[in-house]
file run.csv (CSV, C-alpha atoms and all ligand atoms)
chain,number,residue,atom,x,y,z
D,24,MET,CA,158.6,-145.7,82.8
D,25,THR,CA,157.0,-142.4,81.8
D,26,LYS,CA,153.7,-143.0,80.0
D,27,VAL,CA,153.6,-141.8,76.4
D,28,ARG,CA,150.2,-141.0,75.0
D,29,HIS,CA,149.3,-141.8,71.4
D,30,VAL,CA,146.7,-139.4,69.8
D,31,LEU,CA,145.1,-139.0,66.5
D,32,GLY,CA,143.1,-135.9,65.4
D,33,ILE,CA,140.0,-136.4,63.3
D,34,SER,CA,139.4,-133.2,61.1
D,35,GLY,CA,136.3,-134.6,59.4
D,36,GLY,CA,138.3,-135.0,56.2
D,37,LYS,CA,138.9,-138.3,54.4
D,38,ASP,CA,142.6,-138.7,55.2
D,39,SER,CA,142.3,-138.5,59.0
D,40,ALA,CA,139.2,-140.7,58.9
D,41,ALA,CA,141.1,-143.3,56.9
D,42,LEU,CA,144.1,-143.0,59.2
D,43,ALA,CA,141.9,-143.8,62.2
D,44,ILE,CA,140.6,-146.9,60.3
D,45,TYR,CA,144.1,-147.9,59.3
D,46,MET,CA,145.6,-147.6,62.8
D,47,HIS,CA,142.7,-149.5,64.3
D,48,GLN,CA,143.1,-152.3,61.8
D,49,LYS,CA,146.9,-152.5,61.7
D,50,TYR,CA,148.0,-151.5,65.2
D,51,PRO,CA,145.1,-152.6,67.6
D,52,GLU,CA,147.7,-152.9,70.4
D,53,LEU,CA,148.2,-149.1,70.5
D,54,ASP,CA,145.9,-147.4,72.9
D,55,ILE,CA,145.1,-144.4,70.7
D,56,GLU,CA,143.1,-141.4,71.9
D,57,TYR,CA,141.0,-139.9,69.2
D,58,TYR,CA,140.0,-136.3,69.3
D,59,THR,CA,138.4,-133.6,67.1
D,60,CYS,CA,138.5,-129.8,67.5
D,61,ASP,CA,135.0,-128.6,67.0
D,62,THR,CA,134.6,-125.1,65.8
D,63,GLY,CA,130.8,-125.4,66.0
D,64,LYS,CA,130.6,-124.5,62.2
D,65,GLU,CA,131.2,-127.8,60.5
D,66,LEU,CA,128.8,-129.3,58.0
D,67,ASP,CA,126.3,-131.9,59.4
D,68,GLU,CA,128.0,-134.4,57.1
D,69,THR,CA,131.2,-134.0,59.2
D,70,TYR,CA,129.5,-134.5,62.5
D,71,GLN,CA,127.8,-137.6,61.0
D,72,LEU,CA,131.2,-139.0,59.9
D,73,ILE,CA,132.6,-138.6,63.4
D,74,GLU,CA,129.6,-140.5,64.8
D,75,ASN,CA,130.1,-143.3,62.3
D,76,LEU,CA,133.8,-143.5,63.1
D,77,GLU,CA,133.0,-143.8,66.8
D,78,ILE,CA,130.8,-146.8,66.1
D,79,TYR,CA,133.5,-148.4,63.9
D,80,LEU,CA,136.4,-147.7,66.4
D,81,GLY,CA,134.3,-148.7,69.4
D,82,LYS,CA,135.7,-145.6,71.1
D,83,LYS,CA,134.6,-142.1,71.8
D,84,ILE,CA,136.2,-139.4,69.8
D,85,LYS,CA,136.8,-136.6,72.3
D,86,ARG,CA,135.3,-133.2,71.2
D,87,LEU,CA,137.7,-130.4,72.0
D,88,ARG,CA,135.9,-127.0,72.1
D,89,ALA,CA,137.8,-123.8,72.6
D,90,ALA,CA,136.3,-121.5,75.2
D,91,GLU,CA,134.3,-124.4,76.7
D,92,GLU,CA,132.7,-122.2,79.3
D,93,SER,CA,131.2,-119.9,76.7
D,94,THR,CA,127.5,-120.1,75.9
D,95,GLU,CA,128.4,-119.5,72.2
D,96,ASP,CA,130.0,-121.7,69.6
D,97,PRO,CA,133.8,-121.6,69.7
D,98,PHE,CA,134.0,-119.7,66.4
D,99,ASP,CA,131.4,-117.1,67.5
D,100,HIS,CA,133.1,-116.6,70.8
D,101,PHE,CA,136.4,-115.8,69.3
D,102,LEU,CA,134.9,-113.8,66.4
D,103,GLU,CA,133.6,-111.3,69.0
D,104,ILE,CA,137.0,-111.1,70.6
D,105,TYR,CA,138.6,-110.4,67.2
D,106,GLY,CA,136.1,-107.6,66.7
D,107,ASN,CA,134.0,-109.4,64.0
D,108,PHE,CA,137.0,-109.6,61.8
D,109,ILE,CA,136.5,-112.8,59.8
D,110,PRO,CA,139.7,-114.9,59.4
D,111,PHE,CA,141.6,-115.3,56.1
D,112,ALA,CA,144.7,-117.1,55.0
D,113,SER,CA,147.3,-114.7,56.4
D,114,ALA,CA,145.2,-113.8,59.5
D,115,ARG,CA,144.1,-117.3,60.5
D,116,TRP,CA,143.2,-116.7,64.1
D,117,CYS,CA,140.6,-119.5,63.7
D,118,THR,CA,143.3,-122.2,63.4
D,119,LYS,CA,145.3,-120.9,66.3
D,120,SER,CA,142.3,-120.3,68.7
D,121,LEU,CA,140.0,-123.1,67.7
D,122,LYS,CA,142.3,-125.9,66.7
D,123,LEU,CA,145.9,-125.6,68.0
D,124,GLU,CA,145.3,-124.2,71.4
D,125,PRO,CA,142.5,-126.7,72.4
D,126,PHE,CA,144.8,-129.5,71.2
D,127,GLU,CA,147.8,-128.2,73.1
D,128,ASN,CA,145.6,-127.8,76.3
D,129,PHE,CA,144.4,-131.4,75.8
D,130,ILE,CA,148.0,-132.6,75.7
D,131,GLY,CA,149.3,-130.4,78.5
D,132,ASP,CA,152.9,-131.4,79.4
D,133,ASP,CA,152.4,-135.1,78.6
D,134,LEU,CA,154.7,-136.9,76.2
D,135,VAL,CA,152.7,-137.5,73.1
D,136,VAL,CA,153.0,-139.2,69.7
D,137,SER,CA,150.6,-137.6,67.3
D,138,TYR,CA,149.6,-139.5,64.2
D,139,VAL,CA,149.0,-137.4,61.1
D,140,GLY,CA,147.2,-138.5,57.9
D,141,ILE,CA,149.5,-136.9,55.3
D,142,ARG,CA,149.6,-139.3,52.4
D,143,GLY,CA,152.6,-140.7,50.5
D,144,ASP,CA,151.6,-138.7,47.4
D,145,GLU,CA,151.5,-135.4,49.2
D,146,ASN,CA,154.4,-133.0,49.6
D,147,ARG,CA,153.7,-131.2,52.8
D,148,GLU,CA,154.6,-131.5,56.4
D,149,GLY,CA,151.5,-130.7,58.3
D,150,TYR,CA,151.4,-129.3,61.8
D,151,ILE,CA,154.6,-129.6,63.7
D,152,SER,CA,154.2,-128.5,67.3
D,153,GLN,CA,156.7,-126.1,68.8
D,154,LYS,CA,156.2,-128.1,72.0
D,155,THR,CA,159.0,-130.6,72.4
D,156,ASN,CA,156.6,-133.1,74.2
D,157,ILE,CA,154.6,-133.6,71.0
D,158,GLN,CA,156.1,-135.8,68.2
D,159,SER,CA,154.4,-136.2,64.9
D,160,ILE,CA,154.4,-139.5,63.0
D,161,PHE,CA,153.1,-139.9,59.4
D,162,PRO,CA,152.0,-143.6,59.0
D,163,PHE,CA,150.8,-143.2,55.4
D,164,ARG,CA,154.3,-142.1,54.1
D,165,LEU,CA,157.3,-144.2,53.5
D,166,ASN,CA,159.1,-141.6,55.6
D,167,ILE,CA,157.1,-141.7,58.8
D,168,TRP,CA,159.3,-139.2,60.6
D,169,SER,CA,158.9,-135.4,60.9
D,170,GLU,CA,161.3,-133.0,59.2
D,171,ASP,CA,163.0,-132.0,62.5
D,172,VAL,CA,163.9,-135.6,63.4
D,173,ILE,CA,165.3,-136.2,59.9
D,174,GLN,CA,167.4,-133.1,60.1
D,175,LYS,CA,169.0,-134.3,63.3
D,176,VAL,CA,169.4,-137.9,62.3
D,177,LEU,CA,171.1,-137.1,58.9
D,178,ALA,CA,173.2,-134.3,60.2
D,179,GLU,CA,176.8,-134.8,59.1
D,180,ASN,CA,178.1,-134.7,62.7
D,181,ASN,CA,175.8,-137.5,63.6
D,182,LEU,CA,177.3,-140.0,61.1
D,183,GLU,CA,179.7,-141.6,63.6
D,184,ASN,CA,176.9,-142.1,66.1
D,185,LEU,CA,174.7,-143.7,63.4
D,186,THR,CA,177.5,-146.1,62.5
D,187,GLN,CA,177.7,-147.2,66.0
D,188,ILE,CA,173.9,-147.6,66.3
D,189,LEU,CA,174.0,-149.6,63.1
D,190,GLN,CA,176.6,-152.0,64.6
D,191,GLU,CA,174.4,-152.5,67.7
D,192,ILE,CA,171.4,-153.3,65.5
D,193,ASN,CA,173.6,-155.7,63.5
D,194,SER,CA,174.9,-157.5,66.6
D,195,GLN,CA,171.3,-158.3,67.5
D,196,ASN,CA,170.4,-159.5,63.9
D,197,ASN,CA,173.1,-161.2,61.9
D,198,ASN,CA,170.9,-161.7,58.8
D,199,LEU,CA,171.3,-158.0,57.8
D,200,ASN,CA,173.0,-157.1,54.6
D,201,LEU,CA,174.4,-153.8,55.8
D,202,LYS,CA,176.7,-152.9,52.9
D,203,PRO,CA,174.3,-151.2,50.5
D,204,PHE,CA,172.7,-149.3,53.3
D,205,THR,CA,176.0,-148.2,54.8
D,206,ASN,CA,177.3,-147.1,51.4
D,207,VAL,CA,174.4,-144.5,51.2
D,208,LEU,CA,174.6,-143.6,54.9
D,209,LEU,CA,178.3,-142.8,54.8
D,210,ARG,CA,178.0,-140.7,51.6
D,211,LYS,CA,178.5,-137.1,52.4
D,212,LYS,CA,175.7,-134.6,51.4
D,213,ASN,CA,176.7,-132.0,48.9
D,214,ASN,CA,175.3,-130.0,46.0
D,215,ASN,CA,174.9,-133.1,44.0
D,216,PHE,CA,173.5,-135.2,46.8
D,217,SER,CA,170.9,-133.5,48.9
D,218,GLN,CA,169.5,-134.6,52.2
D,219,ASP,CA,166.2,-135.5,50.4
D,220,GLN,CA,168.1,-137.7,48.0
D,221,LYS,CA,169.9,-139.4,50.8
D,222,LEU,CA,166.7,-140.0,52.7
D,223,ALA,CA,165.0,-141.4,49.6
D,224,GLN,CA,167.9,-143.8,48.9
D,225,LEU,CA,168.1,-145.0,52.5
D,226,LEU,CA,164.3,-145.7,52.5
D,227,GLY,CA,164.6,-147.3,49.1
D,228,VAL,CA,167.4,-149.7,50.3
D,229,ASP,CA,165.8,-150.8,53.5
D,230,THR,CA,162.9,-148.8,55.1
D,231,LYS,CA,162.6,-151.0,58.2
D,232,LEU,CA,166.3,-150.7,58.9
D,233,PHE,CA,166.2,-146.9,58.5
D,234,ASN,CA,163.2,-146.8,60.9
D,235,GLN,CA,165.1,-148.9,63.4
D,236,LEU,CA,168.1,-146.7,63.1
D,237,VAL,CA,166.0,-143.5,63.7
D,238,LEU,CA,164.2,-145.1,66.6
D,239,ASN,CA,167.4,-146.2,68.3
D,240,TYR,CA,168.8,-142.7,67.7
D,241,LEU,CA,165.7,-141.2,69.4
D,242,LYS,CA,166.4,-143.2,72.5
D,243,GLN,CA,169.4,-140.9,73.0
D,244,THR,CA,167.1,-137.8,72.9
D,245,ASN,CA,164.1,-136.3,74.8
D,246,TYR,CA,161.6,-137.0,72.0
D,247,PRO,CA,158.5,-138.8,73.3
D,248,LEU,CA,159.6,-142.1,71.6
D,249,ALA,CA,162.7,-142.2,73.7
D,250,TYR,CA,160.3,-143.1,76.6
D,251,ASP,CA,158.2,-145.7,74.8
D,252,ASN,CA,159.1,-149.3,75.0
D,253,HIS,CA,157.0,-150.5,72.0
D,254,PHE,CA,156.6,-148.6,68.8
D,255,PRO,CA,155.3,-151.1,66.2
D,256,LEU,CA,155.4,-148.6,63.3
D,257,ALA,CA,159.2,-149.1,63.2
D,258,THR,CA,158.5,-152.0,60.9
D,259,ASN,CA,156.0,-150.1,58.7
D,260,ASP,CA,157.0,-149.7,55.1
D,261,ASP,CA,153.6,-148.8,53.7
D,262,ASN,CA,153.1,-145.9,51.3
D,263,LEU,CA,149.5,-145.0,50.9
D,264,VAL,CA,148.2,-142.7,48.2
D,265,ARG,CA,144.8,-141.1,47.5
D,266,SER,CA,143.2,-144.2,45.9
D,267,ASP,CA,144.2,-146.3,48.9
D,268,ILE,CA,142.5,-143.8,51.2
D,269,PHE,CA,139.2,-144.1,49.3
D,270,GLN,CA,139.6,-147.9,49.3
D,271,LEU,CA,140.1,-147.9,53.1
D,272,LEU,CA,137.0,-145.8,53.6
D,273,GLU,CA,134.9,-147.9,51.3
D,274,ASP,CA,136.1,-151.3,52.6
D,275,SER,CA,135.5,-150.3,56.2
D,276,GLY,CA,131.9,-149.4,55.5
D,277,ILE,CA,132.4,-145.9,56.7
D,278,GLY,CA,132.4,-144.6,53.2
D,279,ILE,CA,133.6,-141.2,52.0
D,280,PRO,CA,132.3,-138.1,53.7
D,281,ARG,CA,129.1,-137.1,52.0
D,282,TYR,CA,130.2,-133.7,50.9
D,283,TYR,CA,132.7,-135.3,48.5
D,284,GLU,CA,129.8,-136.9,46.5
D,285,PRO,CA,129.2,-135.2,43.2
D,286,VAL,CA,125.9,-133.4,42.6
D,287,ASP,CA,124.5,-132.4,39.2
D,288,PHE,CA,124.3,-128.7,38.7
D,289,GLU,CA,122.4,-126.7,36.1
D,290,ILE,CA,122.9,-123.7,33.9
D,291,ASN,CA,119.7,-122.2,32.4
D,292,GLY,CA,117.7,-125.1,33.6
D,293,GLN,CA,120.0,-127.7,31.9
D,294,SER,CA,122.0,-130.2,33.8
D,295,VAL,CA,125.6,-129.6,32.5
D,296,GLY,CA,128.0,-130.8,35.1
D,297,GLN,CA,128.7,-132.0,38.7
D,298,TYR,CA,130.2,-130.2,41.7
D,299,ALA,CA,131.2,-131.2,45.2
D,300,ARG,CA,133.1,-129.9,48.1
D,301,SER,CA,136.8,-130.7,48.2
D,302,ARG,CA,137.6,-130.6,51.9
D,303,SER,CA,136.3,-130.7,55.4
D,304,GLY,CA,136.3,-127.7,57.8
D,305,CYS,CA,133.9,-124.8,58.6
D,306,TYR,CA,131.1,-124.3,56.0
D,307,PHE,CA,132.4,-120.8,55.4
D,308,CYS,CA,136.1,-121.6,55.2
D,309,PHE,CA,137.9,-119.0,53.1
D,310,TYR,CA,140.0,-121.7,51.5
D,311,GLN,CA,137.1,-123.0,49.5
D,312,GLN,CA,137.0,-122.4,45.8
D,313,LYS,CA,134.3,-120.3,44.2
D,314,ILE,CA,132.5,-123.3,42.7
D,315,GLU,CA,132.3,-124.7,46.3
D,316,TRP,CA,130.7,-121.4,47.4
D,317,VAL,CA,128.1,-122.0,44.7
D,318,TRP,CA,127.7,-125.5,45.9
D,319,LEU,CA,127.1,-124.2,49.4
D,320,TYR,CA,124.6,-121.6,48.1
D,321,GLU,CA,122.6,-124.2,46.1
D,322,GLN,CA,122.9,-127.2,48.4
D,323,HIS,CA,122.9,-125.5,51.8
D,324,PRO,CA,121.3,-122.1,51.3
D,325,ASP,CA,120.7,-121.6,55.0
D,326,LEU,CA,124.4,-122.0,55.7
D,327,PHE,CA,125.3,-119.7,52.8
D,328,LYS,CA,123.0,-117.0,54.3
D,329,LYS,CA,124.7,-117.4,57.7
D,330,ALA,CA,128.1,-116.9,56.0
D,331,MET,CA,126.8,-113.7,54.4
D,332,LYS,CA,125.7,-112.4,57.8
D,333,TYR,CA,129.3,-112.9,59.1
D,334,GLU,CA,130.6,-111.1,56.1
D,335,GLU,CA,128.2,-108.1,56.5
D,336,LYS,CA,129.6,-107.4,60.0
D,337,SER,CA,133.2,-107.7,58.9
D,338,THR,CA,135.5,-105.2,57.2
D,339,ARG,CA,136.5,-107.8,54.7
D,340,SER,CA,134.8,-110.5,52.6
D,341,TRP,CA,135.4,-114.3,52.8
D,342,ASN,CA,136.9,-114.3,49.4
D,343,GLY,CA,138.9,-111.1,49.5
D,344,ASP,CA,138.0,-110.0,45.9
D,345,GLU,CA,134.2,-110.2,45.9
D,346,THR,CA,131.4,-110.4,48.5
D,347,LEU,CA,129.1,-113.4,48.8
D,348,ALA,CA,126.2,-111.1,47.8
D,349,GLU,CA,128.1,-110.2,44.5
D,350,MET,CA,128.9,-113.9,44.0
D,351,ILE,CA,125.2,-115.0,43.9
D,352,ALA,CA,124.1,-112.6,41.2
D,353,PRO,CA,122.6,-115.1,38.6
D,354,GLU,CA,125.1,-114.0,35.9
D,355,ARG,CA,128.0,-114.4,38.3
D,356,ILE,CA,126.9,-117.9,39.3
D,357,GLN,CA,126.7,-118.8,35.7
D,358,SER,CA,130.1,-117.5,34.9
D,359,ILE,CA,131.6,-119.4,37.9
D,360,LYS,CA,130.0,-122.6,36.7
D,361,GLU,CA,131.2,-122.0,33.1
D,362,GLU,CA,134.7,-121.3,34.3
D,363,TYR,CA,134.6,-124.5,36.4
D,364,LEU,CA,133.4,-126.5,33.4
D,365,LYS,CA,136.3,-125.1,31.3
D,366,ARG,CA,138.7,-126.3,34.0
D,367,LEU,CA,137.1,-129.7,33.9
D,368,ARG,CA,137.6,-129.8,30.2
D,369,ARG,CA,141.1,-128.7,30.4
D,370,LYS,CA,141.9,-131.5,32.7
D,371,ASN,CA,140.1,-134.0,30.4
D,372,TYR,CA,137.6,-134.7,33.2
D,373,ASN,CA,136.0,-138.1,32.8
D,374,LYS,CA,132.4,-137.8,33.8
D,375,LYS,CA,132.6,-141.3,35.3
D,376,SER,CA,135.1,-140.0,37.9
D,377,ALA,CA,133.1,-140.6,41.1
D,378,LEU,CA,134.6,-137.8,43.1
D,379,LEU,CA,135.7,-135.0,40.9
D,380,LEU,CA,139.1,-135.8,42.2
D,381,ASP,CA,140.9,-135.0,39.0
D,382,VAL,CA,139.7,-131.4,39.2
D,383,LEU,CA,139.5,-130.5,42.9
D,384,HIS,CA,142.6,-132.2,44.2
D,385,ASP,CA,145.0,-129.6,42.8
D,386,THR,CA,144.0,-127.2,45.6
D,387,GLU,CA,143.8,-129.9,48.2
D,388,GLU,CA,147.2,-129.3,49.6
D,389,GLU,CA,146.6,-125.6,50.1
D,390,GLY,CA,145.4,-124.5,53.5
D,391,CYS,CA,145.3,-125.6,57.0
D,392,ALA,CA,146.6,-129.1,57.8
D,393,SER,CA,144.8,-129.0,61.2
D,394,CYS,CA,141.5,-128.5,59.4
D,395,PHE,CA,141.6,-130.5,56.2
D,396,ILE,CA,143.7,-133.7,56.6
Q,401,LIG,S1,138.2,-124.8,58.4
Q,401,LIG,FE1,138.9,-122.8,57.6
Q,401,LIG,S2,137.7,-121.3,58.8
Q,401,LIG,FE2,137.5,-123.2,59.9
Q,401,LIG,S3,139.1,-123.1,61.4
Q,401,LIG,FE3,140.0,-124.1,59.6
Q,401,LIG,S4,141.0,-122.5,58.4
Q,401,LIG,FE4,139.6,-121.5,59.9
call {"tool": "encode", "arguments": {"input": "run.csv", "output": "C-alpha cells"}}
result
Amino acid sequence: MTKVRHVLGISGGKDSAALAIYMHQKYPELDIEYYTCDTGKELDETYQLIENLEIYLGKKIKRLRAAEESTEDPFDHFLEIYGNFIPFASARWCTKSLKLEPFENFIGDDLVVSYVGIRGDENREGYISQKTNIQSIFPFRLNIWSEDVIQKVLAENNLENLTQILQEINSQNNNLNLKPFTNVLLRKKNNNFSQDQKLAQLLGVDTKLFNQLVLNYLKQTNYPLAYDNHFPLATNDDNLVRSDIFQLLEDSGIGIPRYYEPVDFEINGQSVGQYARSRSGCYFCFYQQKIEWVWLYEQHPDLFKKAMKYEEKSTRSWNGDETLAEMIAPERIQSIKEEYLKRLRRKNYNKKSALLLDVLHDTEEEGCASCFI
C-alpha cells in the first residue's frame, strides 16, 4: 500500500506547539514528522521553544530553510531578489517564499496528512494546499475536516452515496442508533438550513459517526486518507479552546513561549501597565500591533534597530502609515502606550490576567496561518 506521511508544522506559536504535545500524548502510534520553516528572523524565544519541544517529543524537528544554498538568511536572500521591498499584508512574498515553498518542496509528490493547530474557538481555515497530495486535518476542532472535504461530502448529489456508506457502517456495528443522524443527513439544504448548520447538527448528533462517514467517503477518492489503513482521529470528538492550549503547554512542562509573558512598562518613569507579544513569527512582522513594536524597541532594542535598517532601504515602512523612526519619538511612544491602556480599560482588563489574552487575542486571527498558529 502507498505510504502516507503525517506531518506537523511548528510555527513557534502556542497552538502548533500545543498540537505537537497533544498528538504525541494522544496518538503515539502515528509516526509524525515535525518541521519548522525558519526565516532566520525569529526571536530567540522561538528557537528555544523548538529546542524544548524536541526534547519533549524525543524527535528532531526538521528545519526547512528556503534558498538553502545561500550564504544569507532566507529572509535576506529573498529580500535582495525582491529589490529590498519589505513585505506587507497584501504583498506577502515572505509567506510564499519562506514558508509555503519550502514546505511543498519537503513534501514533494508524497501523499501527506498535515495536522494544523486551529482551535475549536477560532473561525478560520488556515492554509489549504492547492496540491491534491496534501490533506489538512484540524485535531483541535470538533470538525477535523477541511472545507473542501466538507463541500464534497455534503453536496446534495452525494446524499445517496452517503446513505449507502451509512448502511455499510451500520452492518458492521448493530448498536448504532442511526435515526436522529439520518434525519439530519437527509434534510436538504436551503435558505433556512445552510451547510454550516447541517454540519453542526451532524457533529452534534454523533461526531464519531460523522467522522467515520467522511473517512469511508474519502476511500472512494484520491485524498491521501484513501490510502491510509489506520486513521485514529476518526474517533476524536475533542474540541479544544484557548484555555486548553495553555493548560497543555503548562502541564507538559514546555510552558508558554516566553514572548507571551507580560512585562511591566513605564510612562514618565512610572510603572503603569504590562505588555507582551501576541504571536510568533519574524521579529519585524508587519502584522504586529504598535504596542508590540514598542515592546520590541524596549525589550529587544538591537532587533528594533535591525528592523529600522530594513525599512530605510525599502520604499515603504513596516507599518504603512508611519516609520519606525517616527514611532520611537518619546511623545509617540507615550501616546501608543496610553492608547493601549485605554484599550485595556475598555476591555475591563483584569491585571491578574497572566497573558494579556483578553486584550491581544482580538487580532490573533489576523494574518498568516503558516506563521502564527
Ligand atoms: S512572520 Fe510575518 S514577516 Fe515573517 S514570514 Fe510570516 S508574515 Fe512574513
call {"tool": "closest_residue", "arguments": {"input": "run.csv", "among": "D:Lys122, D:Arg281, D:Arg339, D:Lys49", "to": "ligand LIG 401 (chain Q)", "atoms": "all atoms listed in the file"}}
result
D:Lys122
call {"tool": "atom_distance", "arguments": {"input": "run.csv", "atom1": "atom CA of D:Pro162", "atom2": "atom CA of D:Pro255"}}
result
10.9 Å
call {"tool": "residues_near_ligand", "arguments": {"input": "run.csv", "ligand": "ligand LIG 401 (chain Q)", "cutoff": "12 Å", "atoms": "all atoms listed in the file", "output": "number ranges by chain"}}
result
D: 34-36, 59-66, 69, 88-89, 97-99, 101-102, 109-124, 301-312, 330, 333, 341-342, 389-396
call {"tool": "residues_around", "arguments": {"input": "run.csv", "residues": "stretch 318-329 of chain D", "least_positions_apart": "2", "cutoff": "8 Å", "atoms": "only C-alpha atoms", "output": "ChimeraX atom specification"}}
result
/D:298-300,306-307,314-316,331-333,351
call {"tool": "write_last_selection", "arguments": {"input": "run.csv", "atoms": "C-alpha atoms", "output": "PDB file, in the coordinates of the input"}}
result
ATOM      1  CA  TYR D 298     130.200-130.200  41.700  1.00  0.00           C
ATOM      2  CA  ALA D 299     131.200-131.200  45.200  1.00  0.00           C
ATOM      3  CA  ARG D 300     133.100-129.900  48.100  1.00  0.00           C
ATOM      4  CA  TYR D 306     131.100-124.300  56.000  1.00  0.00           C
ATOM      5  CA  PHE D 307     132.400-120.800  55.400  1.00  0.00           C
ATOM      6  CA  ILE D 314     132.500-123.300  42.700  1.00  0.00           C
ATOM      7  CA  GLU D 315     132.300-124.700  46.300  1.00  0.00           C
ATOM      8  CA  TRP D 316     130.700-121.400  47.400  1.00  0.00           C
ATOM      9  CA  MET D 331     126.800-113.700  54.400  1.00  0.00           C
ATOM     10  CA  LYS D 332     125.700-112.400  57.800  1.00  0.00           C
ATOM     11  CA  TYR D 333     129.300-112.900  59.100  1.00  0.00           C
ATOM     12  CA  ILE D 351     125.200-115.000  43.900  1.00  0.00           C
TER      13      ILE D 351
END
call {"tool": "atom_distance", "arguments": {"input": "run.csv", "atom1": "atom CA of D:Arg368", "atom2": "atom CA of D:Met350"}}
result
22.8 Å
call {"tool": "atom_distance", "arguments": {"input": "run.csv", "atom1": "atom CA of D:Gln235", "atom2": "atom CA of D:Leu185"}}
result
10.9 Å
call {"tool": "residues_around", "arguments": {"input": "run.csv", "residues": "stretch 194-207 of chain D", "least_positions_apart": "3", "cutoff": "7 Å", "atoms": "only C-alpha atoms", "output": "PyMOL selection string"}}
result
chain D and resi 190-191+210+221+224-225+228
call {"tool": "closest_residue", "arguments": {"input": "run.csv", "among": "D:Ile277, D:Leu165, D:Val237, D:Leu347", "to": "D:Leu80", "atoms": "only C-alpha atoms"}}
result
D:Ile277
call {"tool": "closest_residue", "arguments": {"input": "run.csv", "among": "D:Ile44, D:Ile104, D:Ala90, D:Leu236", "to": "D:Ile78", "atoms": "all atoms listed in the file"}}
result
D:Ile44
call {"tool": "closest_residue", "arguments": {"input": "run.csv", "among": "D:Gly140, D:Lys370, D:Ile290, D:Tyr70", "to": "D:Arg355", "atoms": "all atoms listed in the file"}}
result
D:Ile290
call {"tool": "closest_residue", "arguments": {"input": "run.csv", "among": "D:Pro280, D:Thr155, D:Lys83, D:Gln243", "to": "D:Asp67", "atoms": "all atoms listed in the file"}}
result
D:Pro280
call {"tool": "closest_atom_pairs", "arguments": {"input": "run.csv", "of": "stretch 159-204 of chain D", "to": "stretch 263-275 of chain D", "cutoff": "12 Å", "atoms": "all atoms listed in the file", "output": "Markdown table"}}
result
| residue | atom | partner | partner_atom | distance |
| --- | --- | --- | --- | --- |
| D:Phe161 | CA | D:Leu263 | CA | 10.5 |
| D:Pro162 | CA | D:Leu263 | CA | 8.6 |
| D:Phe163 | CA | D:Leu263 | CA | 5.0 |
| D:Arg164 | CA | D:Leu263 | CA | 6.5 |
| D:Leu165 | CA | D:Leu263 | CA | 8.3 |
| D:Asn166 | CA | D:Leu263 | CA | 11.2 |
| D:Ile167 | CA | D:Leu263 | CA | 11.4 |
call {"tool": "residues_around", "arguments": {"input": "run.csv", "residues": "D:Ile33", "least_positions_apart": "6", "cutoff": "8 Å", "atoms": "all atoms listed in the file", "output": "PDB file with C-alpha atoms, in the coordinates of the input"}}
result
ATOM      1  CA  SER D  39     142.300-138.500  59.000  1.00  0.00           C
ATOM      2  CA  ALA D  40     139.200-140.700  58.900  1.00  0.00           C
ATOM      3  CA  ALA D  43     141.900-143.800  62.200  1.00  0.00           C
ATOM      4  CA  TYR D  57     141.000-139.900  69.200  1.00  0.00           C
ATOM      5  CA  TYR D  58     140.000-136.300  69.300  1.00  0.00           C
ATOM      6  CA  THR D  59     138.400-133.600  67.100  1.00  0.00           C
ATOM      7  CA  CYS D  60     138.500-129.800  67.500  1.00  0.00           C
ATOM      8  CA  ILE D  73     132.600-138.600  63.400  1.00  0.00           C
TER       9      ILE D  73
END
call {"tool": "closest_residue", "arguments": {"input": "run.csv", "among": "D:Thr94, D:Ser159, D:Asn259, D:Gln218", "to": "D:Lys175", "atoms": "all atoms listed in the file"}}
result
D:Gln218
